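**Q** Dropping in input.txt, which is compact mmCIF, C-alpha atoms:
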```txt
# COMPACT_ATOMS: atom_id res chain seq x y z
CA MET A 1 -24.76 -0.29 -21.20
CA THR A 2 -23.65 -2.00 -18.01
CA ARG A 3 -21.16 -4.76 -18.59
CA THR A 4 -21.01 -7.87 -16.46
CA ASP A 5 -18.05 -8.68 -14.28
CA GLU A 6 -17.03 -11.43 -16.65
CA GLU A 7 -17.00 -9.06 -19.63
CA LEU A 8 -14.99 -6.48 -17.74
CA VAL A 9 -12.55 -9.14 -16.57
CA ALA A 10 -12.07 -10.35 -20.15
CA ARG A 11 -11.41 -6.81 -21.35
CA SER A 12 -9.05 -6.16 -18.44
CA ARG A 13 -7.12 -9.28 -19.27
CA SER A 14 -6.54 -8.00 -22.78
CA GLY A 15 -5.01 -4.83 -21.33
CA ASP A 16 -8.01 -2.52 -21.01
CA VAL A 17 -7.27 -0.73 -17.76
CA ASP A 18 -10.48 1.30 -17.89
CA SER A 19 -12.47 -1.91 -17.63
CA PHE A 20 -10.54 -2.89 -14.54
CA ASN A 21 -11.21 0.53 -13.09
CA GLN A 22 -14.91 -0.10 -13.60
CA LEU A 23 -14.55 -3.31 -11.62
CA ILE A 24 -12.84 -1.35 -8.87
CA VAL A 25 -15.69 1.17 -8.75
CA ARG A 26 -18.14 -1.71 -8.54
CA TRP A 27 -16.40 -3.69 -5.83
CA GLU A 28 -14.36 -1.29 -3.72
CA ARG A 29 -17.16 -0.58 -1.21
CA PRO A 30 -17.94 -4.23 -0.45
CA ILE A 31 -14.24 -5.07 -0.19
CA TYR A 32 -13.61 -2.10 2.07
CA ALA A 33 -16.62 -3.05 4.24
CA LEU A 34 -15.36 -6.63 4.51
CA ALA A 35 -11.85 -5.49 5.47
CA TYR A 36 -13.21 -2.99 7.97
CA ARG A 37 -15.44 -5.53 9.69
CA VAL A 38 -12.62 -8.07 9.86
CA LEU A 39 -9.88 -5.66 10.92
CA GLY A 40 -11.85 -2.95 12.66
CA ARG A 41 -9.70 -0.03 11.56
CA GLU A 42 -10.63 2.33 8.81
CA GLU A 43 -7.13 3.10 7.57
CA ASP A 44 -6.08 -0.55 7.59
CA ALA A 45 -9.26 -1.49 5.75
CA ARG A 46 -8.50 1.13 3.12
CA ASP A 47 -4.95 -0.18 2.70
CA VAL A 48 -6.15 -3.77 2.42
CA CYS A 49 -8.81 -2.70 -0.08
CA GLN A 50 -6.24 -0.97 -2.27
CA ASP A 51 -3.83 -3.87 -1.98
CA THR A 52 -6.59 -6.30 -2.92
CA PHE A 53 -7.17 -4.58 -6.26
CA LEU A 54 -3.46 -4.26 -6.93
CA ARG A 55 -2.95 -7.97 -6.35
CA ALA A 56 -6.01 -8.82 -8.38
CA TYR A 57 -4.74 -6.73 -11.28
CA ARG A 58 -1.36 -8.45 -11.19
CA ALA A 59 -2.92 -11.89 -10.88
CA LEU A 60 -5.54 -11.27 -13.56
CA PRO A 61 -3.69 -13.29 -16.24
CA GLY A 62 -3.94 -16.31 -13.92
CA PHE A 63 -7.65 -15.88 -13.24
CA LYS A 64 -9.40 -18.33 -15.53
CA GLY A 65 -12.93 -17.64 -14.37
CA GLN A 66 -13.29 -20.90 -12.44
CA ALA A 67 -14.90 -18.89 -9.63
CA LYS A 68 -16.93 -15.71 -9.61
CA PHE A 69 -14.77 -12.60 -9.85
CA SER A 70 -16.29 -11.28 -6.61
CA SER A 71 -15.51 -14.54 -4.77
CA TRP A 72 -11.95 -14.42 -6.06
CA LEU A 73 -11.66 -10.81 -4.92
CA TYR A 74 -13.11 -11.62 -1.49
CA ARG A 75 -10.61 -14.44 -1.10
CA ILE A 76 -7.70 -12.13 -1.89
CA ALA A 77 -9.04 -9.57 0.59
CA LEU A 78 -9.50 -12.17 3.33
CA ASN A 79 -5.99 -13.52 2.79
CA LEU A 80 -4.63 -10.01 3.06
CA CYS A 81 -6.63 -9.43 6.25
CA ARG A 82 -5.22 -12.66 7.67
CA ASP A 83 -1.68 -11.61 6.74
CA TRP A 84 -2.29 -8.22 8.31
CA MET A 85 -3.49 -9.78 11.56
CA ARG A 86 -0.53 -12.16 11.60
CA ARG A 87 1.85 -9.28 11.08
CA GLN A 88 0.22 -7.28 13.83
CA GLN A 89 0.21 -10.33 16.15
CA ARG A 90 -2.99 -9.23 17.77
CA ALA A 91 -6.71 -9.72 17.65
CA PRO A 92 -8.62 -7.44 15.35
CA ILE A 93 -9.99 -4.39 17.00
CA ALA A 94 -13.45 -3.48 15.91
CA GLN A 95 -13.95 0.08 16.87
CA MET A 96 -16.01 3.04 15.91
CA PRO A 97 -14.01 5.70 14.13
CA GLU A 98 -13.26 8.60 16.39
CA ASP A 99 -13.51 11.16 13.65
CA VAL A 100 -17.20 10.55 13.00
CA ASP A 101 -19.30 13.11 14.78
CA PRO A 102 -23.09 13.03 15.23
CA ALA A 103 -23.53 16.18 13.17
CA GLU A 104 -21.99 14.46 10.18
CA LEU A 105 -24.20 11.46 10.73
CA ILE A 106 -27.24 13.72 10.88
CA ALA A 107 -26.27 15.39 7.64
CA ARG A 108 -25.96 12.02 5.92
CA SER A 109 -29.06 10.48 7.43
CA GLU A 110 -32.66 10.33 6.38
CA PRO A 111 -34.55 13.50 7.25
CA THR A 112 -37.14 11.55 9.22
CA GLU A 113 -34.56 10.09 11.64
CA SER A 114 -34.28 11.91 14.94
CA ILE A 115 -31.02 12.76 16.71
CA GLU A 116 -31.89 10.31 19.49
CA ASP A 117 -32.31 7.53 16.95
CA LEU A 118 -29.00 8.41 15.34
CA VAL A 119 -27.14 8.39 18.61
CA ALA A 120 -28.80 5.10 19.58
CA ARG A 121 -27.85 3.62 16.23
CA ARG A 122 -24.27 4.70 16.64
CA GLU A 123 -24.12 3.26 20.13
CA LEU A 124 -25.58 -0.03 18.96
CA SER A 125 -23.08 -0.15 16.13
CA ALA A 126 -20.25 0.26 18.63
CA ILE A 127 -21.75 -2.43 20.88
CA VAL A 128 -22.08 -4.88 17.99
CA ALA A 129 -18.52 -4.16 16.87
CA ASP A 130 -17.33 -4.75 20.42
CA ALA A 131 -19.27 -8.00 20.72
CA MET A 132 -17.88 -9.24 17.40
CA ARG A 133 -14.40 -8.97 18.86
CA THR A 134 -15.19 -11.82 21.21
CA LEU A 135 -15.75 -14.29 18.36
CA SER A 136 -13.06 -16.45 16.83
CA GLU A 137 -11.69 -15.35 13.49
CA GLU A 138 -13.52 -18.17 11.67
CA GLN A 139 -16.86 -17.44 13.29
CA ARG A 140 -16.52 -13.72 12.69
CA THR A 141 -15.56 -14.18 9.04
CA ALA A 142 -18.42 -16.62 8.43
CA ILE A 143 -20.94 -14.21 9.94
CA ILE A 144 -19.55 -11.23 8.01
CA LEU A 145 -19.62 -13.10 4.71
CA LYS A 146 -23.15 -14.34 5.34
CA GLU A 147 -24.75 -11.27 6.85
CA TYR A 148 -23.11 -8.48 4.90
CA HIS A 149 -22.10 -10.08 1.64
CA GLY A 150 -24.97 -12.49 1.17
CA MET A 151 -22.82 -15.50 0.38
CA THR A 152 -24.27 -18.99 0.36
CA PHE A 153 -23.09 -21.65 2.81
CA GLN A 154 -21.24 -23.33 -0.05
CA GLU A 155 -19.46 -20.14 -1.08
CA ILE A 156 -18.35 -19.52 2.50
CA ALA A 157 -17.18 -23.13 2.75
CA ASP A 158 -15.11 -22.68 -0.42
CA MET A 159 -13.75 -19.40 0.88
CA GLN A 160 -12.82 -20.80 4.28
CA GLY A 161 -11.72 -24.17 2.96
CA CYS A 162 -13.95 -26.20 5.27
CA PRO A 163 -17.00 -28.48 4.98
CA LEU A 164 -20.46 -26.98 4.63
CA SER A 165 -21.53 -28.37 8.00
CA THR A 166 -18.63 -26.53 9.65
CA VAL A 167 -19.86 -23.26 8.19
CA LYS A 168 -23.31 -23.86 9.69
CA THR A 169 -21.77 -24.70 13.05
CA ARG A 170 -19.62 -21.57 12.96
CA LEU A 171 -22.65 -19.45 12.13
CA TYR A 172 -24.80 -21.01 14.84
CA GLN A 173 -22.13 -20.82 17.53
CA GLY A 174 -21.07 -17.32 16.45
CA LEU A 175 -24.62 -15.96 16.52
CA SER A 176 -25.32 -17.61 19.90
CA GLN A 177 -22.13 -16.16 21.36
CA LEU A 178 -22.97 -12.78 19.89
CA ARG A 179 -26.43 -12.88 21.41
CA ARG A 180 -24.98 -13.57 24.86
CA GLN A 181 -22.44 -10.78 24.45
CA LEU A 182 -25.10 -8.30 23.36
CA GLU A 183 -27.28 -9.23 26.35
CA ARG A 184 -24.28 -8.77 28.62
CA ARG A 185 -23.81 -5.30 27.13
CA GLY A 186 -27.31 -4.28 28.09
CA GLN A 187 -29.19 -4.94 24.90
CA HIS A 188 -32.80 -5.76 25.69
CA VAL A 189 -33.97 -8.98 24.19
CA PRO A 190 -37.73 -8.94 23.55
CA GLU A 191 -39.83 -11.04 25.90
CA LEU A 192 -40.98 -13.36 23.18
CA VAL A 193 -37.38 -14.19 22.35
CA LYS A 194 -36.37 -14.64 25.97
CA ARG A 195 -39.05 -17.28 26.57
CA THR A 196 -37.19 -20.62 26.59
CA MET B 1 -42.91 -34.59 7.76
CA SER B 2 -41.40 -34.53 11.19
CA GLU B 3 -39.00 -37.35 10.23
CA THR B 4 -36.96 -34.92 8.11
CA PHE B 5 -36.04 -32.70 11.06
CA GLU B 6 -34.68 -33.69 14.41
CA CYS B 7 -35.23 -31.38 17.37
CA GLY B 8 -32.01 -29.54 18.27
CA ASP B 9 -30.40 -29.94 14.85
CA THR B 10 -28.60 -26.60 14.89
CA GLY B 11 -27.34 -26.96 11.32
CA ALA B 12 -30.89 -27.31 10.04
CA LEU B 13 -32.01 -24.40 12.22
CA VAL B 14 -29.31 -22.18 10.75
CA ALA B 15 -30.31 -23.25 7.23
CA TYR B 16 -33.91 -22.38 8.12
CA LEU B 17 -32.83 -19.04 9.58
CA TYR B 18 -31.03 -18.05 6.37
CA GLU B 19 -33.71 -19.63 4.17
CA GLU B 20 -31.17 -21.89 2.57
CA CYS B 21 -32.83 -25.28 2.73
CA GLU B 22 -35.14 -27.41 0.64
CA PRO B 23 -38.84 -26.40 0.74
CA GLU B 24 -39.94 -29.70 2.31
CA ILE B 25 -37.33 -29.45 5.08
CA ARG B 26 -38.30 -25.84 5.62
CA ALA B 27 -41.94 -26.84 5.99
CA ALA B 28 -40.96 -29.61 8.40
CA ILE B 29 -38.96 -27.20 10.55
CA ALA B 30 -41.78 -24.63 10.49
CA GLY B 31 -44.16 -27.34 11.69
CA HIS B 32 -41.76 -28.31 14.45
CA LEU B 33 -41.31 -24.70 15.56
CA SER B 34 -45.05 -24.31 16.04
CA ARG B 35 -44.92 -27.13 18.59
CA CYS B 36 -41.45 -26.80 20.19
CA THR B 37 -41.06 -23.61 22.23
CA SER B 38 -37.34 -24.28 22.81
CA CYS B 39 -36.47 -24.34 19.10
CA ALA B 40 -38.88 -21.45 18.41
CA SER B 41 -37.15 -19.37 21.05
CA GLU B 42 -33.75 -20.31 19.65
CA ILE B 43 -34.73 -19.21 16.15
CA ALA B 44 -36.26 -15.98 17.51
CA GLY B 45 -33.07 -15.24 19.47
CA LEU B 46 -30.87 -15.82 16.43
CA GLY B 47 -33.15 -13.63 14.33
CA TRP B 48 -32.96 -10.88 16.93
CA THR B 49 -29.15 -11.11 16.88
CA ARG B 50 -29.16 -10.80 13.11
CA ARG B 51 -31.26 -7.64 13.34
CA GLN B 52 -28.71 -6.14 15.74
CA LEU B 53 -25.98 -6.90 13.22
CA GLU B 54 -27.75 -4.71 10.68
CA GLU B 55 -26.71 -1.70 12.71
CA TRP B 56 -23.00 -2.38 12.37
CA THR B 57 -21.99 -0.14 9.52
CA PRO B 58 -18.45 0.72 8.48
CA PRO B 59 -17.55 4.41 8.44
CA VAL B 60 -17.85 6.22 5.16
CA SER B 61 -14.38 6.44 3.72
CA GLN B 62 -12.91 8.16 0.73
CA LEU B 63 -11.90 5.37 -1.59
CA GLY B 64 -11.85 5.99 -5.33
CA PHE B 65 -8.89 3.77 -6.20
CA GLN B 66 -7.98 3.70 -9.85
CA MET B 67 -5.33 1.81 -11.72
CA ALA B 68 -3.19 4.44 -13.36
CA VAL B 69 -1.69 3.92 -16.79
CA PRO B 70 1.21 6.17 -17.72
CA ALA B 71 0.13 8.89 -20.15
CA THR B 72 3.01 7.94 -22.44
CA GLN B 73 1.41 4.55 -23.00
CA ARG B 74 -2.18 5.73 -23.16
CA ASP B 75 -2.00 8.68 -25.59
CA LEU B 76 0.83 7.87 -27.96
CA PRO B 77 -0.01 6.98 -31.58
CA TRP B 78 0.71 3.40 -32.59
CA TRP B 79 3.96 4.21 -34.38
CA ARG B 80 5.32 5.92 -31.26
CA ALA B 81 4.03 3.46 -28.70
CA PRO B 82 6.68 1.17 -27.17
CA LEU B 83 7.00 -2.17 -28.89
CA PRO B 84 6.15 -5.33 -27.00
CA ALA B 85 9.04 -7.51 -25.85
CA TRP B 86 8.53 -10.15 -28.56
CA ALA B 87 8.68 -7.51 -31.30
CA GLN B 88 11.84 -6.01 -29.86
CA ALA B 89 13.43 -9.46 -29.68
CA ALA B 90 12.42 -10.19 -33.29
CA ALA B 91 13.92 -6.89 -34.47
CA ALA B 92 17.15 -7.61 -32.59
CA MET B 93 17.35 -11.07 -34.17
CA LEU B 94 16.79 -9.63 -37.63
CA ILE B 95 19.51 -7.03 -37.24
CA PHE B 96 21.88 -9.63 -35.86
CA GLY B 97 21.12 -11.98 -38.75
CA VAL B 98 21.73 -9.33 -41.40
CA GLY B 99 24.98 -8.31 -39.72
CA LEU B 100 26.11 -11.90 -39.54
CA ALA B 101 25.34 -12.49 -43.20
CA VAL B 102 27.25 -9.39 -44.28
CA GLY B 103 30.18 -10.31 -42.07
CA LEU B 104 30.33 -13.86 -43.44
CA ALA B 105 30.15 -12.60 -47.00
CA ARG B 106 33.08 -10.25 -46.42
CA GLY B 107 35.14 -12.76 -44.48
CA SER B 108 34.79 -15.50 -47.09
CA ALA B 109 35.95 -13.22 -49.97
CA THR B 110 39.79 -13.55 -49.90
CA PRO B 111 42.08 -11.34 -52.08
CA ALA B 112 42.82 -14.33 -54.29
CA GLN B 113 39.12 -14.82 -54.90
CA ILE B 114 38.70 -11.13 -55.57
CA SER B 115 41.51 -11.17 -58.14
CA SER B 116 40.14 -14.32 -59.72
CA THR B 117 36.78 -12.67 -60.24
CA GLN B 118 36.33 -10.28 -63.08
CA PRO B 119 38.52 -7.28 -62.14
CA THR B 120 37.28 -3.90 -63.15
CA ALA B 121 39.26 -0.71 -63.62
CA ALA B 122 37.71 0.89 -60.60
CA THR B 123 38.70 -1.90 -58.17
CA VAL B 124 42.28 -1.99 -59.48
CA THR B 125 42.60 1.77 -59.13
CA ALA B 126 41.21 1.62 -55.61
CA ASP B 127 43.66 -1.17 -54.72
CA VAL B 128 46.65 0.78 -56.10
CA ALA B 129 45.54 3.98 -54.41
CA SER B 130 45.21 2.25 -51.10
CA ARG B 131 48.71 0.75 -51.34
CA THR B 132 50.34 4.07 -52.03
CA GLU B 133 48.35 5.62 -49.22
CA LEU B 134 49.43 2.87 -46.87
CA SER B 135 53.13 3.33 -47.74
CA ARG B 136 52.78 7.05 -47.14
CA LEU B 137 51.11 6.46 -43.85
CA GLU B 138 53.85 4.06 -42.82
CA ASP B 139 56.54 6.63 -43.59
CA ARG B 140 54.74 9.29 -41.66
CA LEU B 141 54.34 7.06 -38.63
CA LYS B 142 58.02 6.13 -38.68
CA SER B 143 59.11 9.76 -38.77
CA GLU B 144 56.76 10.67 -35.94
CA MET B 145 58.07 7.78 -33.85
CA MET B 146 61.62 8.99 -34.34
CA GLN B 147 60.65 12.49 -33.30
CA LEU B 148 58.94 11.18 -30.22
CA ARG B 149 62.02 9.17 -29.20
CA ASN B 150 64.26 12.23 -29.59
CA THR B 151 62.01 14.57 -27.67
CA THR B 152 61.08 12.24 -24.81
CA ALA B 153 64.51 10.85 -24.00
CA PRO B 154 65.65 13.48 -21.39
CA PRO B 155 62.38 13.40 -19.39
CA VAL B 156 62.73 9.62 -19.13
CA ARG B 157 66.05 10.07 -17.39
CA GLN B 158 64.58 12.68 -15.08
CA ALA B 159 61.70 10.37 -14.34
CA ALA B 160 64.14 7.59 -13.51
CA ALA B 161 65.93 9.86 -11.06
CA SER B 162 62.71 10.96 -9.39
CA GLU B 163 61.53 7.32 -9.21
CA ALA B 164 64.65 6.38 -7.23
CA GLU B 165 63.94 9.19 -4.78
CA ILE B 166 60.33 8.12 -4.42
CA MET B 167 61.45 4.55 -3.81
CA LYS B 168 63.79 5.72 -1.08
CA LYS B 169 60.99 7.70 0.54
CA VAL B 170 58.63 4.75 0.35
CA GLU B 171 61.22 2.47 1.90
CA ALA B 172 61.79 4.96 4.69
CA LEU B 173 58.05 5.22 5.33
CA LEU B 174 57.72 1.45 5.35
CA THR B 175 60.57 1.08 7.82
CA GLU B 176 59.07 3.72 10.06
CA SER B 177 55.67 2.09 9.91
CA GLU B 178 57.09 -1.33 10.72
CA GLU B 179 58.99 0.11 13.67
CA ARG B 180 55.81 1.76 14.98
CA GLN B 181 53.88 -1.45 14.65
CA ARG B 182 56.58 -3.39 16.49
CA ARG B 183 56.54 -0.90 19.34
CA GLU B 184 52.76 -1.01 19.59
CA PHE B 185 52.75 -4.78 19.54
CA THR B 186 55.32 -4.96 22.36
CA LEU B 187 53.38 -2.41 24.39
CA ARG B 188 50.12 -4.32 23.97
CA SER B 189 51.79 -7.61 24.85
CA VAL B 190 53.09 -6.14 28.08
CA GLU B 191 49.66 -4.68 28.90
CA MET B 192 47.98 -8.02 28.21
CA ALA B 193 50.47 -9.88 30.39
CA ARG B 194 49.88 -7.37 33.19
CA ASP B 195 46.10 -7.67 32.89
CA PHE B 196 46.33 -11.44 32.80
CA GLU B 197 48.44 -11.54 35.94
CA ALA B 198 46.06 -9.19 37.75
CA GLN B 199 43.05 -11.26 36.77
CA ARG B 200 44.86 -14.45 37.87
CA ARG B 201 45.51 -12.98 41.31
CA ILE B 202 41.88 -11.85 41.67
CA ASP B 203 40.62 -15.31 40.67
CA LEU B 204 43.01 -16.98 43.06
CA ALA B 205 41.86 -14.78 45.92
CA THR B 206 38.22 -15.50 45.06
CA VAL B 207 38.85 -19.24 44.97
CA ARG B 208 40.63 -19.13 48.33
CA GLU B 209 37.80 -17.16 49.87
CA THR B 210 35.18 -19.54 48.47
CA VAL B 211 37.10 -22.58 49.65
CA GLY B 212 37.45 -21.00 53.09
CA GLN B 213 33.73 -20.37 53.29
CA PHE B 214 33.03 -23.89 52.15
CA GLN B 215 35.43 -25.29 54.70
CA GLY B 216 33.79 -23.12 57.37
CA VAL B 217 30.36 -24.35 56.42
CA THR B 218 31.52 -27.95 56.31
CA GLY B 219 33.26 -27.58 59.70
CA ASN B 220 30.11 -26.19 61.22
CA GLU B 221 28.04 -29.03 59.82
CA ILE B 222 30.50 -31.63 61.13
CA ARG B 223 30.46 -29.99 64.54
CA GLN B 224 26.67 -29.97 64.59
CA GLN B 225 26.54 -33.61 63.57
CA ARG B 226 29.03 -34.57 66.26
CA GLU B 227 26.98 -32.72 68.86
CA ALA B 228 23.85 -34.49 67.70
CA ILE B 229 25.62 -37.87 67.92
CA ASP B 230 26.87 -37.01 71.39
CA ARG B 231 23.34 -36.13 72.45
CA ILE B 232 22.02 -39.42 71.13
CA ASN B 233 24.82 -41.32 72.87
CA ASN B 234 24.06 -39.53 76.14
CA PHE B 235 20.38 -40.30 75.72
CA ILE B 236 21.12 -43.99 75.12
CA ARG B 237 23.49 -44.11 78.04
CA VAL B 238 20.98 -42.46 80.38
CA SER B 239 18.21 -44.77 79.26
CA GLN B 240 20.45 -47.84 79.80
CA GLN B 241 21.38 -46.63 83.29
CA GLY B 242 17.67 -46.15 84.05
CA ARG B 243 17.00 -49.80 83.32
```
Render the structure in this file as C-alpha cells.
**A**
Amino acid sequence: MTRTDEELVARSRSGDVDSFNQLIVRWERPIYALAYRVLGREEDARDVCQDTFLRAYRALPGFKGQAKFSSWLYRIALNLCRDWMRRQQRAPIAQMPEDVDPAELIARSEPTESIEDLVARRELSAIVADAMRTLSEEQRTAIILKEYHGMTFQEIADMQGCPLSTVKTRLYQGLSQLRRQLERRGQHVPELVKRT
Amino acid sequence: MSETFECGDTGALVAYLYEECEPEIRAAIAGHLSRCTSCASEIAGLGWTRRQLEEWTPPVSQLGFQMAVPATQRDLPWWRAPLPAWAQAAAAMLIFGVGLAVGLARGSATPAQISSTQPTAATVTADVASRTELSRLEDRLKSEMMQLRNTTAPPVRQAAASEAEIMKKVEALLTESEERQRREFTLRSVEMARDFEAQRRIDLATVRETVGQFQGVTGNEIRQQREAIDRINNFIRVSQQGR
C-alpha cells in the first residue's frame, strides 16, 4: 500500500526513519532536478539535494503541515541553492555534464530514436541550458518551478514571496527573453510563430 | 466576451498559456486570438519556447540518499535500548531523593536519641566493640607515628642541607641571568641610539635636498615672472613711444 506524503511525514515525526527514507526515495529526483537546473552543476546539485533532506529531517518536528510537504521541501532546496550561489559569488552555470557520452545516451534511450536525434537533443539541451543562464535568478526559478515541477502561480508566489501578478510577469518576460536567446543561438522558429 | 480581456495583457496571456485561468476568460482570450495576429503570434512563440524547454534534462545521477539509524538503536531489545532523556532525568531524581532521605534519617538520629530508644543487646555489644577497636587503632597509630619520626629525622637534616645548596645555585643562576639581561639591554640601547642618529641624519639630508629643489623651482618661477613683467613693461613703453 502506498502511503501519502502526509502519512509518511506523521510517521517520520514519531521517529520512524524508514518512513522518511520513503519520502526521500519519492522526492530526491525532483529535488535534484530543481537544484541542477538552478545551479547547473551535477555535483553541487547532488550536495544540495542531500543537504535538503538532512535539513528537512532535522526541521521535521517544526513542520506542522501548513504547506504541502513537497512545497516545504522545494523551499528548503531553493534556499540552499540561493545560499550556495551567494557563497560562490557568481552566476549559476548551466552546463552539460562532460562525462555523458552519446553511447550512454543511446543505451538509455528509446530504441526507435536515431543517433542523429539523440545528438540533436543533447545539443538542444545544452543550448537551452546556456540560454537559461541569461535570465535573472527570479525569472529562471519561476520558469523552472512552472515548467518542470508543475507548480501553480500561487504556489510559485508563495515560494518566491511575491504577488501572483509578479510571477506572471516573471514568466512572461523570462519566456520572451529565452525565445530571443534561442533564436540568437540558431534555433529555427517555425514560420507560423515568426509571423507578427 | 471581449470586455474580459484587453489586448496585450501579458499576465492574462501567460495564464492562458499555462491553462490557469477561468473558463470564461479563457474563451474570451481564445476569441481574441482568432482575430489578433499579434497576440496569436505571441502565444505561439511562447508555446514554441516551452517546447524547447522540454529538451533540457538534468544528467542521470546516482542518488539513493538514506537516513541512517545506528544499528545499536535499531536492533536492540527494549530493555537494552537507551532510555530517553526524560526517563534518565527521572531515574536520577529518584536516586537522589532516596539518598537524601536516607542521609537525613541518619543525620537526625543523635547518640542521645539512640540511647533513649529501646536499646537491644546487639546494639550495645556493637557500640562496646567499636570503642575498644577505636582505642586499639589509636594506640597503633600513635606507635607508628613515633616510629616514623625516629626513622625520618636524619633525612630531614640531609634535605635541609641539600636545600641550602640548591638555593645557592638558584641565586647564582638568577644573578647570572640578571647580568646577562642587563648587558643585552645596554647593547640594544646603544644600537637603537645609533640607528636613530643615522635615520635622523638621512632625514635631515632629505629635507635639505627637498628644500633646495623647492627653492630652485621657486627661484626659476620668480625669474620667469620677472622676465614676463619686463617684457610687458617693454611692450608698454614701446607702444607709448609709438604714440
**Q** Could the residues of chain A within 9 Å of chain B, counting only C-alpha atoms, be given as a count of residues only, please?
**A** 58
**Q** One decimal, Å: what's the distance from CA of Thr210 (chain B) over to CA of Ile222 (chain B), could you say?
**A** 18.1 Å
**Q** Determine the nearest neighbour of Ala157 (chain A) from the options A:Ala120, A:Ser71, A:Gln88, A:Asp130, counting all atoms listed in the file.
**A**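 Checking each candidate against Ala157 (chain A), we get A:Ser71 as the closest.
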**Q** So how far away is CA of Met192 (chain B) from CA of Ala205 (chain B), in Å?
**A**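 Going from CA of Ala205 (chain B) over to CA of Met192 (chain B), I get 19.9 Å.
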**Q** To test the calculation: enclose all listed atoms of region 4-15 of chain A in a box whose edges run along x, y and z, add 4 Å on each side, then state centre and edge lengths in Å to one decimal, as lines of an AutoDock Vina configuration file.
**A**
```
center_x = -13.0
center_y = -8.1
center_z = -18.5
size_x = 24.0
size_y = 14.6
size_z = 16.5
```
**Q** Just the number, please: distance in Å from CA of Thr134 (chain A) to CA of Cys81 (chain A), one decimal.
**A**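 Between CA of Thr134 (chain A) and CA of Cys81 (chain A) the gap is 17.4 Å.
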**Q** With only C-alpha atoms as the counted atoms, please give the residues lying no more than 12 Å from region 58-61 of chain A, apart from itself and same-chain residues fewer than 3 positions off, as a list in words.
**A**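 Answer for this query is Glu6, Leu8, Val9, Ala10, Arg11, Ser12, Arg13, Ser14, Gly15, Asp16, Val17, Phe20, Asp51, Thr52, Phe53, Leu54, Arg55, Lys64, Gly65, Phe69, Trp72, Leu73 and Ile76 of chain A; Met67 of chain B.
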**Q** Dump C-alpha atoms for the selected residues as a tab-separated table (two decimals), in the coordinates of the input?
**A**
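And here's out_24.tsv as it stands now:
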```tsv
chain	number	residue	atom	x	y	z
A	6	GLU	CA	-17.03	-11.43	-16.65
A	8	LEU	CA	-14.99	-6.48	-17.74
A	9	VAL	CA	-12.55	-9.14	-16.57
A	10	ALA	CA	-12.07	-10.35	-20.15
A	11	ARG	CA	-11.41	-6.81	-21.35
A	12	SER	CA	-9.05	-6.16	-18.44
A	13	ARG	CA	-7.12	-9.28	-19.27
A	14	SER	CA	-6.54	-8.00	-22.78
A	15	GLY	CA	-5.01	-4.83	-21.33
A	16	ASP	CA	-8.01	-2.52	-21.01
A	17	VAL	CA	-7.27	-0.73	-17.76
A	20	PHE	CA	-10.54	-2.89	-14.54
A	51	ASP	CA	-3.83	-3.87	-1.98
A	52	THR	CA	-6.59	-6.30	-2.92
A	53	PHE	CA	-7.17	-4.58	-6.26
A	54	LEU	CA	-3.46	-4.26	-6.93
A	55	ARG	CA	-2.95	-7.97	-6.35
A	64	LYS	CA	-9.40	-18.33	-15.53
A	65	GLY	CA	-12.93	-17.64	-14.37
A	69	PHE	CA	-14.77	-12.60	-9.85
A	72	TRP	CA	-11.95	-14.42	-6.06
A	73	LEU	CA	-11.66	-10.81	-4.92
A	76	ILE	CA	-7.70	-12.13	-1.89
B	67	MET	CA	-5.33	1.81	-11.72
```
**Q** Which of these residues is nearest to Ala30 (chain B), using only C-alpha atoms: B:Leu94, B:Glu191, B:Leu204, B:Tyr16?
**A**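 Checking each candidate against Ala30 (chain B), we get B:Tyr16 as the closest.
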**Q** Could I see region 83-93 of chain B restored to N, CA and C atoms, set down as a PDB file, keeping the file's coordinate frame?
**A**
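Output (selection_19.pdb):
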```pdb
ATOM      1  N   LEU B  83       7.266  -0.846 -28.329  1.00  0.00           N
ATOM      2  CA  LEU B  83       7.000  -2.170 -28.890  1.00  0.00           C
ATOM      3  C   LEU B  83       6.932  -3.211 -27.788  1.00  0.00           C
ATOM      4  N   PRO B  84       6.126  -4.237 -27.986  1.00  0.00           N
ATOM      5  CA  PRO B  84       6.150  -5.330 -27.000  1.00  0.00           C
ATOM      6  C   PRO B  84       7.482  -6.066 -27.041  1.00  0.00           C
ATOM      7  N   ALA B  85       7.733  -6.842 -25.999  1.00  0.00           N
ATOM      8  CA  ALA B  85       9.040  -7.510 -25.850  1.00  0.00           C
ATOM      9  C   ALA B  85       9.328  -8.437 -27.011  1.00  0.00           C
ATOM     10  N   TRP B  86       8.291  -9.190 -27.465  1.00  0.00           N
ATOM     11  CA  TRP B  86       8.530 -10.150 -28.560  1.00  0.00           C
ATOM     12  C   TRP B  86       8.944  -9.435 -29.838  1.00  0.00           C
ATOM     13  N   ALA B  87       8.351  -8.241 -30.080  1.00  0.00           N
ATOM     14  CA  ALA B  87       8.680  -7.510 -31.300  1.00  0.00           C
ATOM     15  C   ALA B  87      10.107  -6.971 -31.228  1.00  0.00           C
ATOM     16  N   GLN B  88      10.465  -6.507 -30.024  1.00  0.00           N
ATOM     17  CA  GLN B  88      11.840  -6.010 -29.860  1.00  0.00           C
ATOM     18  C   GLN B  88      12.855  -7.124 -30.065  1.00  0.00           C
ATOM     19  N   ALA B  89      12.526  -8.303 -29.528  1.00  0.00           N
ATOM     20  CA  ALA B  89      13.430  -9.460 -29.680  1.00  0.00           C
ATOM     21  C   ALA B  89      13.550  -9.849 -31.149  1.00  0.00           C
ATOM     22  N   ALA B  90      12.410  -9.830 -31.867  1.00  0.00           N
ATOM     23  CA  ALA B  90      12.420 -10.190 -33.290  1.00  0.00           C
ATOM     24  C   ALA B  90      13.281  -9.211 -34.088  1.00  0.00           C
ATOM     25  N   ALA B  91      13.135  -7.917 -33.765  1.00  0.00           N
ATOM     26  CA  ALA B  91      13.920  -6.890 -34.470  1.00  0.00           C
ATOM     27  C   ALA B  91      15.416  -7.086 -34.212  1.00  0.00           C
ATOM     28  N   ALA B  92      15.743  -7.388 -32.947  1.00  0.00           N
ATOM     29  CA  ALA B  92      17.150  -7.610 -32.590  1.00  0.00           C
ATOM     30  C   ALA B  92      17.713  -8.801 -33.349  1.00  0.00           C
ATOM     31  N   MET B  93      16.914  -9.873 -33.451  1.00  0.00           N
ATOM     32  CA  MET B  93      17.350 -11.070 -34.170  1.00  0.00           C
ATOM     33  C   MET B  93      17.582 -10.770 -35.658  1.00  0.00           C
TER      34      MET B  93
END
```
